[in-house]
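Dumped protein11.tsv below, it's TSV, C-alpha atoms and all ligand atoms:
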```
chain	number	residue	atom	x	y	z
B	10	MET	CA	117.66	8.58	58.19
B	11	SER	CA	117.98	12.31	58.77
B	12	SER	CA	121.08	13.73	60.46
B	13	ILE	CA	118.87	16.46	61.96
B	14	ASN	CA	117.47	15.84	65.42
B	15	ARG	CA	114.39	17.93	66.30
B	16	GLN	CA	114.29	18.61	70.02
B	17	ILE	CA	112.13	20.43	72.55
B	18	LEU	CA	114.24	22.47	74.95
B	19	LEU	CA	113.09	23.73	78.33
B	20	VAL	CA	114.43	27.27	77.92
B	21	GLU	CA	113.19	28.66	81.23
B	22	LYS	CA	111.86	26.97	84.36
B	23	PRO	CA	108.32	28.16	85.12
B	24	THR	CA	107.77	30.24	88.25
B	25	GLY	CA	103.96	30.00	88.06
B	26	LYS	CA	101.89	27.95	85.66
B	27	LEU	CA	103.70	26.15	82.86
B	28	LEU	CA	103.46	28.13	79.59
B	29	PRO	CA	104.33	27.41	75.92
B	30	GLN	CA	107.11	30.03	76.10
B	31	ASN	CA	108.96	27.93	78.68
B	32	PHE	CA	109.85	25.65	75.74
B	33	LYS	CA	111.50	26.01	72.33
B	34	LEU	CA	111.64	23.73	69.29
B	35	ALA	CA	115.27	23.42	68.17
B	36	GLU	CA	117.26	21.43	65.62
B	37	GLY	CA	120.39	19.63	66.76
B	38	GLN	CA	122.54	16.95	65.16
B	39	ARG	CA	121.61	13.30	65.48
B	40	PRO	CA	124.00	12.06	68.20
B	41	GLU	CA	126.63	9.33	67.79
B	42	PRO	CA	126.45	6.66	70.51
B	43	LYS	CA	129.60	6.48	72.68
B	44	ASP	CA	130.94	3.32	74.25
B	45	GLY	CA	128.18	1.80	76.42
B	46	GLU	CA	125.47	3.88	74.69
B	47	VAL	CA	122.61	3.00	72.36
B	48	LEU	CA	121.28	5.25	69.59
B	49	VAL	CA	117.48	5.16	69.58
B	50	ARG	CA	114.70	6.67	67.49
B	51	VAL	CA	111.90	7.92	69.73
B	52	LEU	CA	108.43	6.58	68.85
B	53	TYR	CA	106.03	7.61	71.66
B	54	ILE	CA	106.77	10.11	74.44
B	55	SER	CA	104.93	9.57	77.72
B	56	LEU	CA	103.29	12.73	79.09
B	57	ASP	CA	103.31	12.63	82.89
B	58	ALA	CA	102.19	15.03	85.60
B	59	ALA	CA	105.61	14.30	87.11
B	60	ASN	CA	107.29	16.06	84.13
B	61	ARG	CA	106.10	19.31	85.76
B	62	ALA	CA	107.13	18.23	89.28
B	63	TRP	CA	110.70	17.59	88.07
B	64	MET	CA	110.98	21.31	87.23
B	65	GLN	CA	110.41	22.21	90.90
B	66	GLY	CA	113.55	20.53	92.21
B	67	ALA	CA	115.12	17.15	92.91
B	68	THR	CA	112.65	14.35	93.68
B	69	TYR	CA	113.33	10.65	93.13
B	70	ARG	CA	115.39	11.99	90.22
B	71	SER	CA	117.50	15.13	89.81
B	72	ALA	CA	115.75	18.39	88.86
B	73	ILE	CA	115.50	19.39	85.21
B	74	GLU	CA	117.70	22.35	84.31
B	75	ALA	CA	116.90	25.19	81.89
B	76	ASN	CA	118.39	25.16	78.39
B	77	THR	CA	118.49	21.38	78.16
B	78	VAL	CA	116.38	18.92	76.21
B	79	MET	CA	113.19	18.44	78.20
B	80	ALA	CA	113.39	15.14	80.08
B	81	GLY	CA	110.76	12.47	79.66
B	82	GLY	CA	110.22	8.76	79.26
B	83	ALA	CA	109.54	7.23	75.86
B	84	ILE	CA	109.25	4.05	73.88
B	85	ALA	CA	112.01	3.98	71.29
B	86	GLU	CA	113.56	1.70	68.69
B	87	VAL	CA	117.25	0.83	68.68
B	88	ILE	CA	119.06	2.14	65.59
B	89	SER	CA	122.61	1.11	66.54
B	90	SER	CA	124.27	-0.07	69.72
B	91	ASN	CA	127.62	0.22	71.48
B	92	ALA	CA	126.19	-1.46	74.57
B	93	PRO	CA	125.92	-5.19	75.25
B	94	GLY	CA	122.47	-6.74	74.97
B	95	PHE	CA	120.93	-4.33	72.44
B	96	SER	CA	120.52	-4.85	68.69
B	97	PRO	CA	118.98	-2.73	65.93
B	98	GLY	CA	115.21	-3.15	65.90
B	99	ASP	CA	114.91	-3.79	69.66
B	100	LEU	CA	112.24	-1.80	71.47
B	101	VAL	CA	113.20	-0.03	74.69
B	102	PHE	CA	111.76	2.26	77.35
B	103	GLY	CA	113.92	4.99	78.87
B	104	ASP	CA	114.40	8.68	79.53
B	105	THR	CA	115.20	9.76	75.99
B	106	GLY	CA	113.96	13.30	76.48
B	107	TRP	CA	111.62	15.12	74.11
B	108	GLN	CA	113.50	14.62	70.83
B	109	GLU	CA	113.57	12.43	67.73
B	110	TYR	CA	116.88	10.65	68.44
B	111	ALA	CA	118.83	10.06	71.65
B	112	ALA	CA	122.06	8.36	72.67
B	113	VAL	CA	121.29	6.71	75.99
B	114	ARG	CA	123.41	4.53	78.30
B	115	GLY	CA	122.41	0.91	77.76
B	116	LYS	CA	122.19	0.46	81.54
B	117	ALA	CA	119.48	3.13	81.70
B	118	LEU	CA	117.24	1.39	79.14
B	119	ILE	CA	114.69	-1.37	79.69
B	120	LYS	CA	114.06	-3.76	76.81
B	121	VAL	CA	110.32	-4.19	76.16
B	122	PRO	CA	108.47	-6.75	74.03
B	123	ARG	CA	106.87	-5.77	70.73
B	124	VAL	CA	103.15	-5.81	71.58
B	125	GLU	CA	100.16	-4.63	69.59
B	126	PRO	CA	99.32	-1.82	69.83
B	127	LEU	CA	102.71	-0.33	70.79
B	128	THR	CA	100.95	2.45	72.72
B	129	HIS	CA	100.06	-0.09	75.45
B	130	LEU	CA	103.78	-0.13	76.36
B	131	ILE	CA	103.32	3.46	77.56
B	132	SER	CA	99.88	3.03	79.12
B	133	VAL	CA	98.74	-0.21	80.69
B	134	TYR	CA	102.08	-2.09	80.45
B	135	GLY	CA	104.08	1.05	81.26
B	136	ILE	CA	104.48	3.24	84.32
B	137	ALA	CA	100.77	4.13	84.47
B	138	GLY	CA	99.47	0.56	84.66
B	139	LEU	CA	102.23	-0.63	87.00
B	140	THR	CA	101.83	2.37	89.32
B	141	ALA	CA	98.11	1.70	89.62
B	142	TYR	CA	98.71	-2.01	90.18
B	143	PHE	CA	101.40	-1.71	92.87
B	144	GLY	CA	99.97	1.35	94.60
B	145	LEU	CA	96.54	-0.21	94.88
B	146	LEU	CA	97.33	-3.86	95.54
B	147	HIS	CA	100.63	-3.65	97.46
B	148	VAL	CA	100.10	-0.36	99.34
B	149	GLY	CA	96.31	0.09	99.52
B	150	LYS	CA	95.65	-3.66	99.92
B	151	PRO	CA	91.87	-3.50	99.33
B	152	LYS	CA	89.63	-6.41	100.29
B	153	ALA	CA	86.43	-7.36	98.44
B	154	GLY	CA	83.51	-5.31	99.71
B	155	GLU	CA	85.67	-2.38	100.83
B	156	THR	CA	85.33	1.15	99.48
B	157	VAL	CA	88.19	2.53	97.38
B	158	VAL	CA	88.38	6.22	96.47
B	159	VAL	CA	90.82	7.49	93.82
B	160	SER	CA	91.59	11.09	92.82
B	161	ALA	CA	92.66	12.26	89.34
B	162	ALA	CA	90.42	9.30	88.56
B	163	ALA	CA	90.04	9.99	84.83
B	164	GLY	CA	93.81	10.27	84.33
B	165	SER	CA	96.29	7.63	83.30
B	166	VAL	CA	96.92	6.08	86.71
B	167	GLY	CA	93.43	6.75	88.11
B	168	THR	CA	91.51	4.96	85.34
B	169	PHE	CA	93.48	1.76	86.02
B	170	VAL	CA	93.22	2.07	89.82
B	171	GLY	CA	89.43	2.27	89.68
B	172	GLN	CA	89.07	-0.61	87.24
B	173	ILE	CA	91.47	-2.88	89.16
B	174	ALA	CA	89.64	-2.10	92.40
B	175	LYS	CA	86.37	-3.15	90.71
B	176	LEU	CA	88.05	-6.38	89.54
B	177	LYS	CA	88.87	-7.05	93.20
B	178	GLY	CA	85.21	-6.65	94.21
B	179	CYS	CA	85.38	-3.19	95.79
B	180	ARG	CA	82.99	-0.25	95.70
B	181	VAL	CA	84.84	2.41	93.70
B	182	VAL	CA	84.42	6.16	93.83
B	183	GLY	CA	86.42	8.41	91.53
B	184	ILE	CA	87.13	12.11	91.98
B	185	ALA	CA	87.64	14.07	88.75
B	186	GLY	CA	87.14	17.52	87.24
B	187	GLY	CA	83.92	18.03	85.28
B	188	LYS	CA	80.54	16.35	84.88
B	189	GLU	CA	81.42	14.73	81.54
B	190	LYS	CA	84.51	13.06	82.93
B	191	CYS	CA	82.53	11.85	85.93
B	192	ASN	CA	79.79	10.40	83.71
B	193	TRP	CA	82.47	8.68	81.62
B	194	LEU	CA	83.94	7.03	84.73
B	195	THR	CA	80.61	5.49	85.73
B	196	SER	CA	79.18	4.72	82.29
B	197	GLU	CA	82.34	3.51	80.48
B	198	LEU	CA	84.78	2.34	83.14
B	199	GLY	CA	82.41	0.79	85.66
B	200	PHE	CA	83.06	3.10	88.65
B	201	ASP	CA	80.18	3.00	91.14
B	202	ALA	CA	80.14	6.76	91.64
B	203	ALA	CA	82.15	9.86	90.75
B	204	VAL	CA	82.56	13.22	92.44
B	205	ASP	CA	83.17	16.36	90.36
B	206	TYR	CA	85.57	18.33	92.54
B	207	LYS	CA	85.17	21.39	90.32
B	208	SER	CA	81.42	21.81	90.86
B	209	GLU	CA	80.53	20.24	94.21
B	210	PRO	CA	81.96	20.38	97.75
B	211	VAL	CA	84.14	17.28	97.86
B	212	PHE	CA	83.59	16.27	101.50
B	213	LYS	CA	79.79	16.38	101.24
B	214	ALA	CA	79.64	14.65	97.85
B	215	LEU	CA	82.10	11.95	98.95
B	216	LYS	CA	80.16	11.28	102.14
B	217	ALA	CA	77.10	10.57	100.01
B	218	ALA	CA	79.04	8.49	97.46
B	219	ALA	CA	80.84	6.43	100.14
B	220	PRO	CA	78.13	5.88	102.78
B	221	ASN	CA	80.18	3.15	104.52
B	222	GLY	CA	83.29	5.33	104.75
B	223	ILE	CA	86.58	4.97	102.85
B	224	ASP	CA	88.85	1.96	103.39
B	225	VAL	CA	91.48	2.80	100.75
B	226	TYR	CA	92.22	6.27	99.40
B	227	PHE	CA	94.56	6.27	96.38
B	228	ASP	CA	95.88	9.83	96.44
B	229	ASN	CA	97.12	11.30	93.17
B	230	VAL	CA	96.55	14.94	94.08
B	231	GLY	CA	97.21	15.85	97.75
B	232	GLY	CA	95.95	19.26	98.96
B	233	ASP	CA	92.28	19.98	99.61
B	234	ILE	CA	91.08	16.65	98.24
B	235	PHE	CA	93.40	14.71	100.57
B	236	GLU	CA	92.05	16.88	103.41
B	237	ALA	CA	88.43	16.11	102.43
B	238	CYS	CA	89.08	12.34	102.37
B	239	LEU	CA	90.80	12.04	105.77
B	240	PRO	CA	87.74	12.49	108.04
B	241	LEU	CA	85.83	9.91	105.94
B	242	MET	CA	88.50	7.21	106.33
B	243	ASN	CA	87.46	4.13	108.30
B	244	ASN	CA	89.57	2.93	111.21
B	245	ARG	CA	92.67	1.09	109.97
B	246	GLY	CA	92.16	2.50	106.47
B	247	ARG	CA	95.07	2.83	104.06
B	248	VAL	CA	96.15	5.89	102.09
B	249	ALA	CA	98.39	5.11	99.10
B	250	CYS	CA	100.28	8.35	98.43
B	251	CYS	CA	101.06	8.25	94.72
B	252	GLY	CA	101.55	11.93	93.89
B	253	ALA	CA	100.40	15.49	94.55
B	254	VAL	CA	99.39	16.94	91.19
B	255	SER	CA	97.46	19.79	92.88
B	256	ALA	CA	100.82	21.21	93.98
B	257	TYR	CA	102.87	20.73	90.79
B	258	ASP	CA	101.84	23.57	88.50
B	259	GLY	CA	102.32	26.84	90.38
B	260	ALA	CA	103.49	28.26	93.68
B	261	PRO	CA	103.51	25.80	96.61
B	262	PRO	CA	100.37	25.91	98.80
B	263	ALA	CA	100.49	28.21	101.85
B	264	SER	CA	99.57	25.44	104.29
B	265	GLY	CA	99.15	21.69	104.28
B	266	PRO	CA	95.99	19.63	104.71
B	267	ARG	CA	94.37	19.83	108.14
B	268	GLY	CA	93.85	16.63	110.14
B	269	VAL	CA	97.50	15.60	109.89
B	270	PRO	CA	98.55	13.87	112.07
B	271	GLY	CA	95.49	13.95	114.39
B	272	LEU	CA	93.12	11.95	112.19
B	273	ILE	CA	95.90	9.56	111.22
B	274	VAL	CA	96.41	8.74	114.92
B	275	VAL	CA	92.77	8.45	115.94
B	276	LYS	CA	91.81	6.33	112.94
B	277	ARG	CA	95.04	4.21	113.06
B	278	LEU	CA	95.59	4.95	109.37
B	279	ILE	CA	98.46	3.63	107.34
B	280	VAL	CA	99.64	6.45	105.06
B	281	GLN	CA	102.33	5.19	102.72
B	282	GLY	CA	104.17	6.75	99.83
B	283	PHE	CA	105.61	4.61	97.06
B	284	ILE	CA	107.45	4.91	93.73
B	285	VAL	CA	106.67	2.43	90.99
B	286	THR	CA	110.36	1.52	90.61
B	287	ASP	CA	110.30	0.11	94.17
B	288	TYR	CA	108.85	-3.03	92.59
B	289	ASP	CA	110.82	-5.16	90.16
B	290	GLY	CA	111.83	-8.75	89.40
B	291	GLU	CA	109.17	-11.32	90.25
B	292	GLN	CA	106.69	-8.70	91.50
B	293	ARG	CA	106.90	-6.88	88.17
B	294	ASP	CA	106.54	-10.12	86.19
B	295	THR	CA	103.41	-11.03	88.16
B	296	ALA	CA	101.95	-7.55	87.65
B	297	MET	CA	102.59	-7.69	83.90
B	298	ALA	CA	101.02	-11.14	83.64
B	299	ASP	CA	97.91	-9.96	85.53
B	300	LEU	CA	97.58	-6.77	83.48
B	301	GLN	CA	98.02	-8.70	80.21
B	302	SER	CA	95.40	-11.27	81.09
B	303	TRP	CA	92.89	-8.62	82.25
B	304	VAL	CA	93.34	-6.70	79.00
B	305	LYS	CA	93.08	-9.88	76.90
B	306	GLU	CA	89.92	-10.98	78.70
B	307	GLY	CA	88.37	-7.54	78.19
B	308	LYS	CA	88.21	-6.89	81.94
B	309	LEU	CA	90.51	-3.87	81.84
B	310	LYS	CA	89.85	-1.07	79.35
B	311	VAL	CA	92.86	0.95	78.19
B	312	PRO	CA	91.93	4.59	77.61
B	313	GLU	CA	94.65	6.31	75.59
B	314	ASP	CA	94.94	9.88	74.38
B	315	VAL	CA	97.51	10.11	71.57
B	316	ILE	CA	98.65	13.53	70.30
B	317	ASN	CA	100.56	13.69	67.02
B	318	GLY	CA	103.82	15.57	66.48
B	319	LEU	CA	106.88	16.34	68.63
B	320	GLU	CA	106.17	20.07	68.23
B	321	ASN	CA	102.89	19.62	70.14
B	322	THR	CA	104.52	18.08	73.23
B	323	PRO	CA	104.67	21.27	75.36
B	324	GLN	CA	100.99	22.07	74.78
B	325	ALA	CA	100.10	18.42	75.43
B	326	LEU	CA	101.73	18.62	78.89
B	327	ILE	CA	100.13	21.99	79.66
B	328	GLY	CA	96.77	20.50	78.69
B	329	LEU	CA	97.31	17.42	80.84
B	330	LEU	CA	97.95	19.58	83.89
B	331	ALA	CA	94.69	21.41	83.12
B	332	GLY	CA	92.81	18.10	82.94
B	333	GLU	CA	92.31	17.83	79.14
B	334	ASN	CA	93.26	14.17	79.04
B	335	ARG	CA	91.18	11.06	79.56
B	336	GLY	CA	93.41	8.14	80.34
B	337	LYS	CA	97.06	7.97	79.30
B	338	ARG	CA	98.28	10.93	77.25
B	339	MET	CA	101.28	10.43	74.98
B	340	VAL	CA	102.84	12.02	71.89
B	341	LYS	CA	103.52	10.11	68.67
B	342	VAL	CA	106.80	11.60	67.45
Z	1	LIG	N1	104.51	7.22	92.71
Z	1	LIG	C1	104.80	6.88	91.47
Z	1	LIG	O1	105.64	6.02	91.19
Z	1	LIG	C2	104.05	7.55	90.35
Z	1	LIG	C3	104.19	7.11	89.02
Z	1	LIG	C4	103.44	7.73	88.02
Z	1	LIG	C5	102.58	8.79	88.35
Z	1	LIG	N2	102.51	9.20	89.65
Z	1	LIG	C6	101.59	10.27	90.06
Z	1	LIG	O2	100.29	9.92	89.62
Z	1	LIG	C7	99.51	11.11	89.53
Z	1	LIG	C8	98.80	11.12	88.19
Z	1	LIG	O3	99.79	11.39	87.20
Z	1	LIG	P1	99.61	11.06	85.67
Z	1	LIG	O4	100.90	11.33	85.04
Z	1	LIG	O5	98.96	9.74	85.55
Z	1	LIG	O6	98.64	12.20	85.16
Z	1	LIG	P2	97.11	12.10	84.80
Z	1	LIG	O7	96.36	11.60	85.98
Z	1	LIG	O8	96.93	11.42	83.50
Z	1	LIG	O9	96.81	13.64	84.57
Z	1	LIG	C9	96.80	14.52	85.62
Z	1	LIG	C10	95.35	14.79	86.05
Z	1	LIG	O10	95.36	15.49	87.27
Z	1	LIG	C11	94.17	16.21	87.41
Z	1	LIG	N3	94.46	17.47	88.11
Z	1	LIG	C12	95.22	18.51	87.68
Z	1	LIG	N4	95.24	19.47	88.62
Z	1	LIG	C13	94.50	19.01	89.66
Z	1	LIG	C14	94.15	19.57	90.93
Z	1	LIG	N5	94.56	20.78	91.32
Z	1	LIG	N6	93.35	18.83	91.75
Z	1	LIG	C15	92.90	17.63	91.36
Z	1	LIG	N7	93.20	17.05	90.17
Z	1	LIG	C16	94.00	17.75	89.34
Z	1	LIG	C17	93.64	16.47	85.98
Z	1	LIG	O11	92.36	15.87	85.86
Z	1	LIG	P3	91.01	16.61	86.38
Z	1	LIG	O12	90.26	17.04	85.16
Z	1	LIG	O13	90.32	15.53	87.12
Z	1	LIG	O14	91.43	17.77	87.21
Z	1	LIG	C18	94.61	15.71	85.08
Z	1	LIG	O15	93.99	14.98	84.06
Z	1	LIG	C19	100.47	12.27	89.73
Z	1	LIG	O16	100.39	12.73	91.07
Z	1	LIG	C20	101.82	11.64	89.48
Z	1	LIG	O17	102.87	12.32	90.11
Z	1	LIG	C21	103.23	8.60	90.63
```

Go through the file and emit its structure as structure tokens.
Amino acid sequence: MSSINRQILLVEKPTGKLLPQNFKLAEGQRPEPKDGEVLVRVLYISLDAANRAWMQGATYRSAIEANTVMAGGAIAEVISSNAPGFSPGDLVFGDTGWQEYAAVRGKALIKVPRVEPLTHLISVYGIAGLTAYFGLLHVGKPKAGETVVVSAAAGSVGTFVGQIAKLKGCRVVGIAGGKEKCNWLTSELGFDAAVDYKSEPVFKALKAAAPNGIDVYFDNVGGDIFEACLPLMNNRGRVACCGAVSAYDGAPPASGPRGVPGLIVVKRLIVQGFIVTDYDGEQRDTAMADLQSWVKEGKLKVPEDVINGLENTPQALIGLLAGENRGKRMVKV
């Protein structure tokens, strides 16, 4: 085992779009775990739109600071442990940062089972799958026959939202960038329709794709797309606010979506934000069991987009923000 630890540092916080020069590949020393810490070897780093949002300031976690190892969740293998409950060979999920080795507090790690393929621990059995599951079923609460619309539909969360909504007997419309992605959603993932927000006016195209109105809007993007969905919501519809990727990579928008709060009042909408970590214990066990059985039965496809090499992590995140990915993007270290 090498004593060198290759790391990606965030050397400067972006003021506009994220660029390769905001990062630097560096070589540090493999850390020694202190009391209560676990030394892990990072296997797969999860690339998340939220990685960019963390650079803007404190959210549900503290902001990322310049000249530190870039933060990020990963699946890792325990090398040695000074924390109770962890042994060499265990697999864990935690915020290891973008590096080959990390010493992490045992309390901040979650033990995960060794499944095949391991990548599923980052995609369908990781934050992406659980976010889709809880946001759709616990916040959106769709009923069979209702219309569900999801934005960033070809991304890691969106692909699962649409497929789970289909499993529940809903009409599903995805919103994504580009004709090819939209065709992929309908031909490969079973969506009923898809709107290409880059080449057609979203309100008009959605109205045609959702002729009975929208009952559940799973919002991954905020901004103009949120604004286009609001007037099409049915009375007592639900908006599951998952994220706002349209506002992550650049200066904040000058003004917010119109129709807030007027349309929310008139249509008696429930607009609810959530964070995946709100759900644990029995709810998480049930979600995992459902996801596992859907995957096993072939009812839930797991699109994954694996990039090789720690050194490619910055470009992989920049590409994700530009919509390069289909399904869950991750880096094999
Ligand atoms: N609440 C929670 O607990 C939780 C947990 C995980 C993730 N999230 C949220 O879930 C959302 C999806 O994140 P993810 O990590 O799974 O990423 P992702 O969906 O795999 O990738 C982001 C996608 O966003 C789309 N996009 C980028 N800029 C856009 C814009 N201006 N307007 C519309 N779409 C745009 C791109 O696809 P196109 O080609 O379609 O543009 C891109 O593929 C984010 O908002 C994230 O913050 C929330």

(message) Just to confirm, what's the straight-line distance from atom C11 of ligand LIG 1 (chain Z) to atom CA of B:Asp289 in Å (one decimal)?
(response)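 Computed distance, atom C11 of ligand LIG 1 (chain Z) to atom CA of B:Asp289, equals 27.2 Å.
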
(request) Give the residue list for ligand LIG 1 (chain Z) at 7 Å, counting only C-alpha atoms and all ligand atoms, as a ChimeraX atom specification, sorted by chain and then by residue number. (result) /B:56-59,136-137,140,160-167,184-187,229-230,251-256,283-286,329-338

(request) Can you pull out every residue within 8 Å of B:Ala111, counting only C-alpha atoms, but drop anything in the same chain fewer than 5 positions away, and send it as a list in words? (result) Arg39, Pro40, Leu48, Val49, Arg50, Val51, Thr105 and Gly106 of chain B

Quick one: write out the picked residues with C-alpha atoms as a tab-separated table (two decimals), in the coordinates of the input?
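Resulting contents of selection_36.tsv:
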```tsv
chain	number	residue	atom	x	y	z
B	39	ARG	CA	121.61	13.30	65.48
B	40	PRO	CA	124.00	12.06	68.20
B	48	LEU	CA	121.28	5.25	69.59
B	49	VAL	CA	117.48	5.16	69.58
B	50	ARG	CA	114.70	6.67	67.49
B	51	VAL	CA	111.90	7.92	69.73
B	105	THR	CA	115.20	9.76	75.99
B	106	GLY	CA	113.96	13.30	76.48
```

(message) I'd like the neighbourhood of B:Leu194 as a list in words, where a residue qualifies if any of its atoms comes within 9 Å (using all atoms listed in the file), though same-chain residues fewer than 3 positions away should be ignored.
(response)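 Counting all atoms listed in the file, the residues come to Ala162, Ala163, Thr168, Gly171, Gly183, Ala185, Glu189, Lys190, Cys191, Glu197, Leu198, Gly199, Phe200, Asp201, Ala202 and Ala203 of chain B.
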
(request) Excluding stretch 261-264 of chain B and any residue of its chain fewer than 5 positions from it, enumerate the residues within 12 Å of it, using all atoms listed in the file, and give them as a PyMOL selection string. (result) chain B and resi 24-26+62+65+231-233+236+253-256+269

From the structure just shown, export stretch 253-267 of chain B with N, CA and C atoms as a CSV table (one decimal), in the first residue's frame.
```csv
chain,number,residue,atom,x,y,z
B,253,ALA,N,-32.2,22.5,-6.8
B,253,ALA,CA,-32.4,23.7,-7.7
B,253,ALA,C,-31.1,23.8,-8.6
B,254,VAL,N,-30.9,22.7,-9.4
B,254,VAL,CA,-29.6,22.7,-10.1
B,254,VAL,C,-29.5,23.8,-11.1
B,255,SER,N,-30.6,24.4,-11.6
B,255,SER,CA,-30.4,25.6,-12.5
B,255,SER,C,-29.7,26.8,-11.8
B,256,ALA,N,-29.7,26.8,-10.5
B,256,ALA,CA,-29.1,27.9,-9.8
B,256,ALA,C,-27.7,27.6,-9.2
B,257,TYR,N,-27.2,26.4,-9.4
B,257,TYR,CA,-26.0,26.1,-8.7
B,257,TYR,C,-24.7,26.6,-9.4
B,258,ASP,N,-24.6,26.6,-10.7
B,258,ASP,CA,-23.4,26.8,-11.4
B,258,ASP,C,-23.3,28.2,-12.1
B,259,GLY,N,-23.2,29.2,-11.2
B,259,GLY,CA,-23.1,30.6,-11.8
B,259,GLY,C,-23.7,31.5,-10.8
B,260,ALA,N,-23.9,32.8,-11.3
B,260,ALA,CA,-24.4,33.8,-10.4
B,260,ALA,C,-25.9,33.5,-10.1
B,261,PRO,N,-26.4,33.9,-8.9
B,261,PRO,CA,-27.8,33.6,-8.6
B,261,PRO,C,-28.7,34.3,-9.5
B,262,PRO,N,-29.9,33.7,-9.8
B,262,PRO,CA,-30.8,34.4,-10.8
B,262,PRO,C,-31.3,35.7,-10.2
B,263,ALA,N,-31.6,36.7,-11.1
B,263,ALA,CA,-32.0,38.0,-10.7
B,263,ALA,C,-33.3,38.0,-10.0
B,264,SER,N,-34.3,37.1,-10.4
B,264,SER,CA,-35.6,37.1,-9.7
B,264,SER,C,-36.1,35.7,-9.7
B,265,GLY,N,-37.0,35.4,-8.8
B,265,GLY,CA,-37.5,34.1,-8.6
B,265,GLY,C,-38.6,33.7,-9.6
B,266,PRO,N,-39.1,32.5,-9.5
B,266,PRO,CA,-40.2,32.1,-10.4
B,266,PRO,C,-41.5,32.9,-10.1
B,267,ARG,N,-42.2,33.3,-11.2
B,267,ARG,CA,-43.5,34.0,-11.0
B,267,ARG,C,-44.5,33.0,-10.5
```
